[in-house]
file coords.json (JSON, C-alpha atoms)
[["chain", "number", "residue", "atom", "x", "y", "z"],
["E", 12, "MET", "CA", -16.21, -12.02, 13.31],
["E", 13, "THR", "CA", -16.84, -9.26, 15.78],
["E", 14, "ALA", "CA", -13.48, -7.59, 16.10],
["E", 15, "THR", "CA", -13.38, -4.11, 14.68],
["E", 16, "HIS", "CA", -9.69, -4.04, 15.55],
["E", 17, "LEU", "CA", -8.88, -6.37, 12.68],
["E", 18, "SER", "CA", -7.74, -3.51, 10.48],
["E", 19, "LYS", "CA", -5.45, -1.74, 12.95],
["E", 20, "ILE", "CA", -3.00, -2.24, 15.83],
["E", 21, "GLU", "CA", -2.40, 0.44, 18.46],
["E", 22, "ARG", "CA", 0.03, 0.47, 21.38],
["E", 23, "LYS", "CA", 0.75, 3.20, 23.94],
["E", 24, "THR", "CA", 3.90, 3.12, 26.05],
["E", 25, "LEU", "CA", 5.23, 5.63, 28.58],
["E", 26, "MET", "CA", 8.97, 6.08, 28.22],
["E", 27, "ARG", "CA", 10.92, 7.80, 30.99],
["E", 28, "ALA", "CA", 12.94, 10.00, 28.66],
["E", 29, "PRO", "CA", 12.43, 13.45, 27.10],
["E", 30, "ARG", "CA", 10.63, 13.71, 23.76],
["E", 31, "GLU", "CA", 13.82, 14.79, 21.93],
["E", 32, "ARG", "CA", 15.56, 11.66, 23.17],
["E", 33, "VAL", "CA", 12.81, 9.37, 21.88],
["E", 34, "TRP", "CA", 12.67, 11.31, 18.60],
["E", 35, "ARG", "CA", 16.39, 10.74, 18.05],
["E", 36, "ALA", "CA", 16.06, 7.04, 18.86],
["E", 37, "ILE", "CA", 13.35, 6.52, 16.24],
["E", 38, "THR", "CA", 14.70, 8.77, 13.45],
["E", 39, "ASP", "CA", 18.48, 8.38, 13.64],
["E", 40, "PRO", "CA", 19.24, 5.32, 11.48],
["E", 41, "THR", "CA", 22.03, 4.05, 13.75],
["E", 42, "GLU", "CA", 19.92, 4.34, 16.89],
["E", 43, "PHE", "CA", 16.89, 2.92, 15.11],
["E", 44, "GLY", "CA", 18.93, -0.11, 14.14],
["E", 45, "LYS", "CA", 19.89, -0.80, 17.77],
["E", 46, "TRP", "CA", 16.40, -1.29, 19.15],
["E", 47, "PHE", "CA", 14.60, -2.34, 15.97],
["E", 48, "SER", "CA", 17.28, -5.03, 15.43],
["E", 49, "VAL", "CA", 18.27, -4.06, 11.89],
["E", 50, "GLU", "CA", 21.28, -2.82, 9.98],
["E", 51, "THR", "CA", 20.48, 0.18, 7.88],
["E", 52, "ALA", "CA", 22.30, 2.96, 6.05],
["E", 53, "GLY", "CA", 21.06, 6.13, 4.41],
["E", 54, "THR", "CA", 19.01, 8.97, 5.78],
["E", 55, "PHE", "CA", 15.50, 8.98, 7.14],
["E", 56, "GLN", "CA", 13.56, 11.65, 5.28],
["E", 57, "PRO", "CA", 10.03, 11.89, 3.89],
["E", 58, "GLY", "CA", 9.70, 9.96, 0.63],
["E", 59, "ALA", "CA", 12.92, 7.98, 1.13],
["E", 60, "ARG", "CA", 12.93, 4.24, 0.65],
["E", 61, "VAL", "CA", 15.28, 2.81, 3.27],
["E", 62, "ASP", "CA", 16.67, -0.71, 2.91],
["E", 63, "MET", "CA", 17.17, -2.77, 6.03],
["E", 64, "ILE", "CA", 18.62, -6.13, 6.98],
["E", 65, "SER", "CA", 17.41, -7.83, 10.12],
["E", 66, "THR", "CA", 19.95, -8.60, 12.82],
["E", 67, "HIS", "CA", 17.39, -10.35, 15.00],
["E", 68, "GLU", "CA", 18.10, -13.99, 15.71],
["E", 69, "SER", "CA", 14.63, -15.07, 14.57],
["E", 70, "CYS", "CA", 15.16, -13.72, 11.04],
["E", 71, "LYS", "CA", 18.82, -12.74, 10.78],
["E", 72, "GLY", "CA", 19.86, -11.55, 7.30],
["E", 73, "VAL", "CA", 16.34, -11.04, 6.00],
["E", 74, "ALA", "CA", 16.20, -7.92, 3.78],
["E", 75, "PHE", "CA", 13.23, -5.59, 3.60],
["E", 76, "SER", "CA", 12.56, -1.90, 3.13],
["E", 77, "ILE", "CA", 10.39, 0.86, 4.50],
["E", 78, "THR", "CA", 9.20, 3.99, 2.69],
["E", 79, "ILE", "CA", 9.13, 6.99, 4.96],
["E", 80, "GLU", "CA", 6.01, 9.14, 4.75],
["E", 81, "ARG", "CA", 6.01, 11.95, 7.31],
["E", 82, "MET", "CA", 8.49, 13.43, 9.76],
["E", 83, "GLU", "CA", 7.23, 16.23, 12.00],
["E", 84, "THR", "CA", 10.12, 16.83, 14.36],
["E", 85, "GLY", "CA", 9.44, 15.63, 17.87],
["E", 86, "ARG", "CA", 5.84, 14.69, 17.08],
["E", 87, "LEU", "CA", 5.18, 12.29, 14.24],
["E", 88, "PHE", "CA", 7.23, 9.74, 12.28],
["E", 89, "SER", "CA", 5.53, 7.40, 9.81],
["E", 90, "TRP", "CA", 6.43, 4.84, 7.18],
["E", 91, "ARG", "CA", 4.81, 2.28, 4.90],
["E", 92, "TRP", "CA", 5.93, -1.33, 4.52],
["E", 93, "HIS", "CA", 4.77, -4.84, 3.80],
["E", 94, "PRO", "CA", 3.87, -6.68, 7.01],
["E", 95, "GLY", "CA", 5.31, -10.11, 7.75],
["E", 96, "MET", "CA", 8.34, -11.98, 6.49],
["E", 97, "PRO", "CA", 9.15, -11.22, 2.85],
["E", 98, "ASP", "CA", 7.97, -14.06, 0.63],
["E", 99, "PRO", "CA", 10.03, -14.51, -2.56],
["E", 100, "GLY", "CA", 6.91, -15.80, -4.32],
["E", 101, "ILE", "CA", 5.15, -12.46, -4.06],
["E", 102, "ASP", "CA", 5.39, -9.47, -6.38],
["E", 103, "TYR", "CA", 5.33, -6.76, -3.73],
["E", 104, "SER", "CA", 4.88, -3.97, -6.25],
["E", 105, "LYS", "CA", 1.27, -5.10, -6.46],
["E", 106, "GLU", "CA", 0.74, -5.75, -2.76],
["E", 107, "PRO", "CA", -0.88, -3.11, -0.55],
["E", 108, "THR", "CA", 1.20, -1.73, 2.33],
["E", 109, "THR", "CA", 0.41, -0.97, 5.95],
["E", 110, "LEU", "CA", 1.10, 2.44, 7.54],
["E", 111, "VAL", "CA", 3.18, 2.61, 10.73],
["E", 112, "GLU", "CA", 2.92, 5.81, 12.78],
["E", 113, "PHE", "CA", 4.88, 6.87, 15.85],
["E", 114, "ARG", "CA", 3.27, 9.78, 17.74],
["E", 115, "LEU", "CA", 5.12, 11.39, 20.64],
["E", 116, "GLU", "CA", 3.51, 13.48, 23.38],
["E", 117, "ASP", "CA", 4.82, 14.96, 26.61],
["E", 118, "ALA", "CA", 3.46, 13.08, 29.60],
["E", 119, "PRO", "CA", 4.12, 13.23, 33.35],
["E", 120, "GLY", "CA", 7.50, 11.59, 33.86],
["E", 121, "GLY", "CA", 8.48, 11.34, 30.22],
["E", 122, "THR", "CA", 7.06, 10.75, 26.78],
["E", 123, "LEU", "CA", 3.94, 8.91, 25.74],
["E", 124, "VAL", "CA", 4.69, 6.94, 22.57],
["E", 125, "THR", "CA", 1.69, 5.80, 20.52],
["E", 126, "VAL", "CA", 2.41, 3.36, 17.73],
["E", 127, "THR", "CA", -0.28, 2.41, 15.24],
["E", 128, "GLU", "CA", -0.08, 0.07, 12.28],
["E", 129, "SER", "CA", -3.12, 0.40, 10.04],
["E", 130, "GLY", "CA", -4.34, -0.82, 6.69],
["E", 131, "PHE", "CA", -4.55, -4.56, 7.43],
["E", 132, "ASP", "CA", -8.03, -4.53, 5.93],
["E", 133, "GLN", "CA", -6.36, -3.98, 2.56],
["E", 134, "ILE", "CA", -4.16, -7.07, 2.93],
["E", 135, "SER", "CA", -5.92, -10.17, 1.64],
["E", 136, "LEU", "CA", -6.93, -12.76, 4.20],
["E", 137, "ASP", "CA", -4.89, -15.28, 2.30],
["E", 138, "ARG", "CA", -1.73, -13.19, 2.66],
["E", 139, "ARG", "CA", -2.50, -12.52, 6.31],
["E", 140, "ALA", "CA", -3.03, -16.18, 7.06],
["E", 141, "ARG", "CA", 0.39, -16.85, 5.57],
["E", 142, "ILE", "CA", 2.00, -14.11, 7.69],
["E", 143, "PHE", "CA", 0.67, -15.96, 10.70],
["E", 144, "GLU", "CA", 1.81, -19.38, 9.59],
["E", 145, "GLU", "CA", 5.32, -18.24, 8.59],
["E", 146, "ASN", "CA", 5.98, -16.36, 11.79],
["E", 147, "GLU", "CA", 4.41, -18.48, 14.46],
["E", 148, "LYS", "CA", 7.48, -20.57, 15.22],
["E", 149, "GLY", "CA", 10.21, -17.97, 14.70],
["E", 150, "TRP", "CA", 8.55, -15.55, 17.00],
["E", 151, "GLU", "CA", 8.51, -17.88, 19.97],
["E", 152, "SER", "CA", 12.29, -18.02, 20.00],
["E", 153, "GLN", "CA", 12.41, -14.23, 19.72],
["E", 154, "SER", "CA", 10.22, -13.82, 22.80],
["E", 155, "GLN", "CA", 12.63, -15.95, 24.74],
["E", 156, "SER", "CA", 15.61, -13.91, 23.61],
["E", 157, "LEU", "CA", 13.85, -10.67, 24.55],
["E", 158, "ALA", "CA", 13.09, -12.01, 28.00],
["E", 159, "ARG", "CA", 16.81, -12.62, 28.40],
["E", 160, "TYR", "CA", 17.61, -9.11, 27.10],
["E", 161, "VAL", "CA", 15.25, -7.10, 29.29],
["E", 162, "GLY", "CA", 15.83, -9.39, 32.24],
["E", 163, "GLY", "CA", 19.62, -8.91, 32.06],
["E", 164, "PRO", "CA", 21.74, -6.21, 33.74],
["E", 165, "ALA", "CA", 20.70, -2.66, 32.77],
["U", 9, "MET", "CA", -30.51, -5.94, -0.47],
["U", 10, "SER", "CA", -29.34, -2.99, 1.58],
["U", 11, "ALA", "CA", -26.90, -2.64, 4.45],
["U", 12, "ASP", "CA", -29.80, -1.68, 6.71],
["U", 13, "ARG", "CA", -31.03, -5.24, 6.65],
["U", 14, "LEU", "CA", -27.78, -6.67, 7.97],
["U", 15, "SER", "CA", -27.72, -8.04, 11.48],
["U", 16, "PRO", "CA", -26.10, -5.78, 14.12],
["U", 17, "GLU", "CA", -23.33, -8.34, 14.46],
["U", 18, "LEU", "CA", -22.44, -8.15, 10.83],
["U", 19, "LYS", "CA", -22.59, -4.38, 10.84],
["U", 20, "SER", "CA", -20.12, -4.19, 13.69],
["U", 21, "SER", "CA", -17.75, -6.43, 11.80],
["U", 22, "ALA", "CA", -17.97, -4.33, 8.66],
["U", 23, "PRO", "CA", -14.37, -3.05, 9.00],
["U", 24, "VAL", "CA", -13.18, -6.63, 8.56],
["U", 25, "PHE", "CA", -14.65, -6.49, 5.13],
["U", 26, "ALA", "CA", -13.68, -2.94, 4.33],
["U", 27, "ALA", "CA", -11.55, -4.25, 1.50],
["U", 28, "LEU", "CA", -14.67, -5.82, 0.10],
["U", 29, "GLY", "CA", -16.53, -2.58, 0.78],
["U", 30, "ASP", "CA", -19.91, -3.60, -0.51],
["U", 31, "PRO", "CA", -23.23, -4.47, 1.17],
["U", 32, "THR", "CA", -23.92, -7.15, -1.44],
["U", 33, "ARG", "CA", -20.79, -9.01, -0.45],
["U", 34, "LEU", "CA", -21.63, -8.66, 3.23],
["U", 35, "GLN", "CA", -25.03, -10.14, 2.48],
["U", 36, "LEU", "CA", -23.36, -13.06, 0.71],
["U", 37, "VAL", "CA", -21.16, -13.63, 3.77],
["U", 38, "ALA", "CA", -24.27, -13.52, 5.96],
["U", 39, "ARG", "CA", -25.94, -16.18, 3.85],
["U", 40, "LEU", "CA", -22.87, -18.39, 3.79],
["U", 41, "SER", "CA", -22.16, -18.00, 7.49],
["U", 42, "ALA", "CA", -24.82, -20.58, 8.29],
["U", 43, "GLY", "CA", -22.13, -23.04, 7.16],
["U", 44, "GLU", "CA", -23.95, -24.79, 4.35],
["U", 45, "PRO", "CA", -22.27, -24.45, 0.93],
["U", 46, "LEU", "CA", -24.63, -22.72, -1.50],
["U", 47, "SER", "CA", -24.97, -22.59, -5.27],
["U", 48, "ILE", "CA", -25.15, -19.35, -7.25],
["U", 49, "THR", "CA", -28.84, -20.05, -7.83],
["U", 50, "ARG", "CA", -29.51, -20.23, -4.10],
["U", 51, "LEU", "CA", -27.40, -17.16, -3.43],
["U", 52, "ALA", "CA", -29.17, -15.21, -6.15],
["U", 53, "SER", "CA", -32.69, -16.07, -5.05],
["U", 54, "GLY", "CA", -34.43, -13.06, -3.57],
["U", 55, "SER", "CA", -31.67, -10.78, -4.79],
["U", 56, "PRO", "CA", -32.18, -8.09, -7.40],
["U", 57, "LEU", "CA", -28.76, -8.93, -8.80],
["U", 58, "THR", "CA", -28.13, -11.25, -11.73],
["U", 59, "ARG", "CA", -26.29, -14.52, -11.28],
["U", 60, "GLN", "CA", -23.44, -13.05, -13.31],
["U", 61, "ALA", "CA", -23.16, -10.10, -10.93],
["U", 62, "ILE", "CA", -23.15, -12.40, -7.91],
["U", 63, "THR", "CA", -20.55, -14.66, -9.49],
["U", 64, "LYS", "CA", -18.33, -11.62, -9.97],
["U", 65, "HIS", "CA", -18.68, -10.64, -6.30],
["U", 66, "LEU", "CA", -17.86, -14.20, -5.23],
["U", 67, "HIS", "CA", -14.70, -14.18, -7.30],
["U", 68, "VAL", "CA", -13.57, -10.94, -5.66],
["U", 69, "MET", "CA", -14.22, -12.49, -2.26],
["U", 70, "ALA", "CA", -12.38, -15.67, -3.21],
["U", 71, "GLY", "CA", -9.39, -13.50, -4.20],
["U", 72, "ALA", "CA", -9.41, -12.04, -0.68],
["U", 73, "GLY", "CA", -9.49, -15.55, 0.80],
["U", 74, "LEU", "CA", -12.91, -15.04, 2.31],
["U", 75, "VAL", "CA", -14.81, -17.71, 0.39],
["U", 76, "LYS", "CA", -13.93, -20.66, -1.76],
["U", 77, "GLY", "CA", -15.75, -22.35, -4.58],
["U", 78, "PHE", "CA", -15.80, -26.03, -5.42],
["U", 79, "ARG", "CA", -17.59, -28.28, -7.81],
["U", 80, "GLN", "CA", -20.11, -30.91, -6.76],
["U", 81, "GLY", "CA", -21.43, -32.84, -9.69],
["U", 82, "ARG", "CA", -22.55, -30.25, -12.18],
["U", 83, "GLU", "CA", -22.94, -27.55, -9.60],
["U", 84, "GLN", "CA", -20.48, -24.93, -8.47],
["U", 85, "LEU", "CA", -20.91, -24.42, -4.73],
["U", 86, "TRP", "CA", -19.52, -21.69, -2.51],
["U", 87, "GLU", "CA", -18.60, -21.71, 1.15],
["U", 88, "LEU", "CA", -16.98, -19.43, 3.71],
["U", 89, "ASN", "CA", -13.34, -19.96, 4.58],
["U", 90, "PRO", "CA", -13.39, -19.63, 8.38],
["U", 91, "GLN", "CA", -9.84, -20.87, 8.85],
["U", 92, "GLN", "CA", -8.53, -17.97, 6.78],
["U", 93, "LEU", "CA", -10.45, -15.57, 8.99],
["U", 94, "ARG", "CA", -9.03, -17.20, 12.11],
["U", 95, "HIS", "CA", -5.48, -17.14, 10.82],
["U", 96, "ALA", "CA", -5.88, -13.56, 9.64],
["U", 97, "ARG", "CA", -6.98, -12.52, 13.10],
["U", 98, "ARG", "CA", -4.10, -14.39, 14.69],
["U", 99, "SER", "CA", -1.65, -12.72, 12.31],
["U", 100, "LEU", "CA", -2.62, -9.41, 13.92],
["U", 101, "ASP", "CA", -2.06, -10.85, 17.40],
["U", 102, "LEU", "CA", 1.35, -11.92, 16.24],
["U", 103, "ILE", "CA", 2.24, -8.54, 14.76],
["U", 104, "SER", "CA", 0.94, -6.88, 17.95],
["U", 105, "ARG", "CA", 3.30, -9.03, 19.95],
["U", 106, "GLN", "CA", 6.20, -8.04, 17.70],
["U", 107, "TRP", "CA", 5.38, -4.38, 18.36],
["U", 108, "ASP", "CA", 5.20, -4.98, 22.12],
["U", 109, "GLU", "CA", 8.66, -6.45, 22.00],
["U", 110, "ALA", "CA", 10.13, -3.75, 19.74],
["U", 111, "LEU", "CA", 8.64, -1.05, 21.99],
["U", 112, "ALA", "CA", 10.08, -2.73, 25.08],
["U", 113, "ARG", "CA", 13.50, -2.58, 23.41],
["U", 114, "LEU", "CA", 12.97, 1.10, 22.45],
["U", 115, "LYS", "CA", 11.95, 1.91, 26.01],
["U", 116, "ALA", "CA", 15.01, 0.21, 27.45],
["U", 117, "TRP", "CA", 17.21, 2.00, 24.90],
["U", 118, "VAL", "CA", 15.98, 5.55, 25.59],
["U", 119, "GLU", "CA", 15.72, 5.08, 29.35],
["U", 120, "GLU", "CA", 19.33, 3.93, 29.59],
["U", 121, "GLY", "CA", 20.41, 7.33, 28.25]]
call {"tool": "encode", "arguments": {"input": "coords.json", "output": "structure tokens"}}
result
Amino acid sequence: MTATHLSKIERKTLMRAPRERVWRAITDPTEFGKWFSVETAGTFQPGARVDMISTHESCKGVAFSITIERMETGRLFSWRWHPGMPDPGIDYSKEPTTLVEFRLEDAPGGTLVTVTESGFDQISLDRRARIFEENEKGWESQSQSLARYVGGPA
Amino acid sequence: MSADRLSPELKSSAPVFAALGDPTRLQLVARLSAGEPLSITRLASGSPLTRQAITKHLHVMAGAGLVKGFRQGREQLWELNPQQLRHARRSLDLISRQWDEALARLKAWVEEG
């Protein structure tokens, strides 16, 4: 019980592409769908609830939605959602959400992308334990498929 | 029963319990973390709080999956739920991994043009 990181995830990745390019990839619904492995329609704008259907082999056809919070062109894109696989037994209107933020900064050679997902401390341990149990198996097969994808011809 | 009396270890883990957000509940976790299930009477001894107040805190914590209550004879006992804590921590590892993979796909997508 020592980890202070239990409430938040943060990842930084350098992408060798200009900031505008990364911005388009994360805020254009068609482009977003390509790398996030979802089908989605509609427009990304602050306040919009955007429905999505997973196209990923580990959870193909699973429907979920995100609610977009902020869009500061070229700098910040954020949304709220419910982490984990949707569970039909749960009334999500009463469940707390986590906040996902993409921050873009110029960096030597490209763009530094910082992704944070915060608010896990508001999700009950019970719910979080279930997220783990539900996903453990499915995710292994996804890792294997990703290895094939990134290892394949560019 | 103030937060100042908590061990440094417990203080550093306070964010884990941010949802609980209360030094009384942290103190209850501290008492239960020895592993032995305790009754309300034991948990209330030395505390300025009433048994009713402590029972209420325990129910909030049980709702978060942090503790569980069970009956032994006539007594209601309470214990920590360490497996929930472990699984909760591993759920974050899992979600972290999902982000690593999504970001690897984003990187490949934008770097291809």
call {"tool": "closest_residue", "arguments": {"input": "coords.json", "among": "E:Arg114, E:Arg35, E:Lys19, E:Arg139", "to": "chain U", "atoms": "only C-alpha atoms"}}
result
E:Arg139
call {"tool": "atom_distance", "arguments": {"input": "coords.json", "atom1": "CA of Thr58 (chain U)", "atom2": "CA of Gly71 (chain U)"}}
result
20.3 Å
call {"tool": "closest_residue", "arguments": {"input": "coords.json", "among": "E:Phe131, E:Trp90, E:Phe55, E:Phe75", "to": "chain U", "atoms": "all atoms listed in the file"}}
result
E:Phe131
call {"tool": "closest_residue", "arguments": {"input": "coords.json", "among": "U:Gln92, U:Gln80, U:Ser41, U:Gln35", "to": "Ile62 (chain U)", "atoms": "only C-alpha atoms"}}
result
U:Gln35
call {"tool": "residues_around", "arguments": {"input": "coords.json", "residues": "Pro57 (chain E)", "least_positions_apart": "2", "cutoff": "8 Å", "atoms": "all atoms listed in the file", "output": "PyMOL selection string"}}
result
chain E and resi 55+59+79-82
call {"tool": "residues_around", "arguments": {"input": "coords.json", "residues": "Gly54 (chain U)", "least_positions_apart": "6", "cutoff": "12 Å", "atoms": "only C-alpha atoms", "output": "compact mmCIF listing (two decimals) with C-alpha atoms, in the coordinates of the input"}}
result
# COMPACT_ATOMS: atom_id res chain seq x y z
CA MET U 9 -30.51 -5.94 -0.47
CA GLN U 35 -25.03 -10.14 2.48
CA LEU U 36 -23.36 -13.06 0.71
CA ARG U 39 -25.94 -16.18 3.85
CA ILE U 48 -25.15 -19.35 -7.25
call {"tool": "closest_residue", "arguments": {"input": "coords.json", "among": "E:Ser104, E:Ser69, E:Thr84, E:Gln56", "to": "chain U", "atoms": "only C-alpha atoms"}}
result
E:Ser69
call {"tool": "residues_around", "arguments": {"input": "coords.json", "residues": "Val49 (chain E)", "least_positions_apart": "5", "cutoff": "12 Å", "atoms": "only C-alpha atoms", "output": "NGL selection string"}}
result
(:E and (40-44 or 61-77)) or (:U and (110))
call {"tool": "closest_residue", "arguments": {"input": "coords.json", "among": "E:Ser48, E:Thr38, E:Ser89, E:Thr54", "to": "chain U", "atoms": "all atoms listed in the file"}}
result
E:Ser48
call {"tool": "atom_distance", "arguments": {"input": "coords.json", "atom1": "CA of Trp107 (chain U)", "atom2": "CA of Leu115 (chain E)"}}
result
15.9 Å
call {"tool": "atom_distance", "arguments": {"input": "coords.json", "atom1": "CA of Thr125 (chain E)", "atom2": "CA of Gly85 (chain E)"}}
result
12.8 Å
call {"tool": "residues_around", "arguments": {"input": "coords.json", "residues": "Glu21 (chain E)", "least_positions_apart": "5", "cutoff": "10 Å", "atoms": "only C-alpha atoms", "output": "number ranges by chain"}}
result
E: 16, 111-112, 125-129; U: 104, 107
call {"tool": "write_last_selection", "arguments": {"input": "coords.json", "atoms": "C-alpha atoms", "output": "PDB file, in the frame of the given file"}}
result
ATOM      1  CA  HIS E  16      -9.690  -4.040  15.550  1.00  0.00           C
ATOM      2  CA  VAL E 111       3.180   2.610  10.730  1.00  0.00           C
ATOM      3  CA  GLU E 112       2.920   5.810  12.780  1.00  0.00           C
ATOM      4  CA  THR E 125       1.690   5.800  20.520  1.00  0.00           C
ATOM      5  CA  VAL E 126       2.410   3.360  17.730  1.00  0.00           C
ATOM      6  CA  THR E 127      -0.280   2.410  15.240  1.00  0.00           C
ATOM      7  CA  GLU E 128      -0.080   0.070  12.280  1.00  0.00           C
ATOM      8  CA  SER E 129      -3.120   0.400  10.040  1.00  0.00           C
TER       9      SER E 129
ATOM     10  CA  SER U 104       0.940  -6.880  17.950  1.00  0.00           C
ATOM     11  CA  TRP U 107       5.380  -4.380  18.360  1.00  0.00           C
TER      12      TRP U 107
END
call {"tool": "closest_residue", "arguments": {"input": "coords.json", "among": "U:Arg59, U:Ala38, U:Lys64, U:Leu74", "to": "chain E", "atoms": "only C-alpha atoms"}}
result
U:Leu74
call {"tool": "residues_around", "arguments": {"input": "coords.json", "residues": "Glu87 (chain U)", "least_positions_apart": "2", "cutoff": "8 Å", "atoms": "all atoms listed in the file", "output": "MDAnalysis selection string"}}
result
chainID U and resid 40 43:46 75:77 85 89
call {"tool": "residues_near_point", "arguments": {"input": "coords.json", "point": "(3.2, -14.4, -2.0)", "cutoff": "10 Å", "atoms": "only C-alpha atoms", "output": "PDB file with C-alpha atoms, keeping the file's coordinate frame"}}
result
ATOM      1  CA  PRO E  97       9.150 -11.220   2.850  1.00  0.00           C
ATOM      2  CA  ASP E  98       7.970 -14.060   0.630  1.00  0.00           C
ATOM      3  CA  PRO E  99      10.030 -14.510  -2.560  1.00  0.00           C
ATOM      4  CA  GLY E 100       6.910 -15.800  -4.320  1.00  0.00           C
ATOM      5  CA  ILE E 101       5.150 -12.460  -4.060  1.00  0.00           C
ATOM      6  CA  ASP E 102       5.390  -9.470  -6.380  1.00  0.00           C
ATOM      7  CA  TYR E 103       5.330  -6.760  -3.730  1.00  0.00           C
ATOM      8  CA  GLU E 106       0.740  -5.750  -2.760  1.00  0.00           C
ATOM      9  CA  ASP E 137      -4.890 -15.280   2.300  1.00  0.00           C
ATOM     10  CA  ARG E 138      -1.730 -13.190   2.660  1.00  0.00           C
ATOM     11  CA  ARG E 141       0.390 -16.850   5.570  1.00  0.00           C
ATOM     12  CA  ILE E 142       2.000 -14.110   7.690  1.00  0.00           C
TER      13      ILE E 142
END
call {"tool": "axis_aligned_box", "arguments": {"input": "coords.json", "around": "region 85-100 of chain U", "padding_each_side": "4 Å", "output": "JSON"}}
result
{"center_x": -11.3, "center_y": -16.9, "center_z": 5.0, "size_x": 27.3, "size_y": 23.0, "size_z": 27.4}
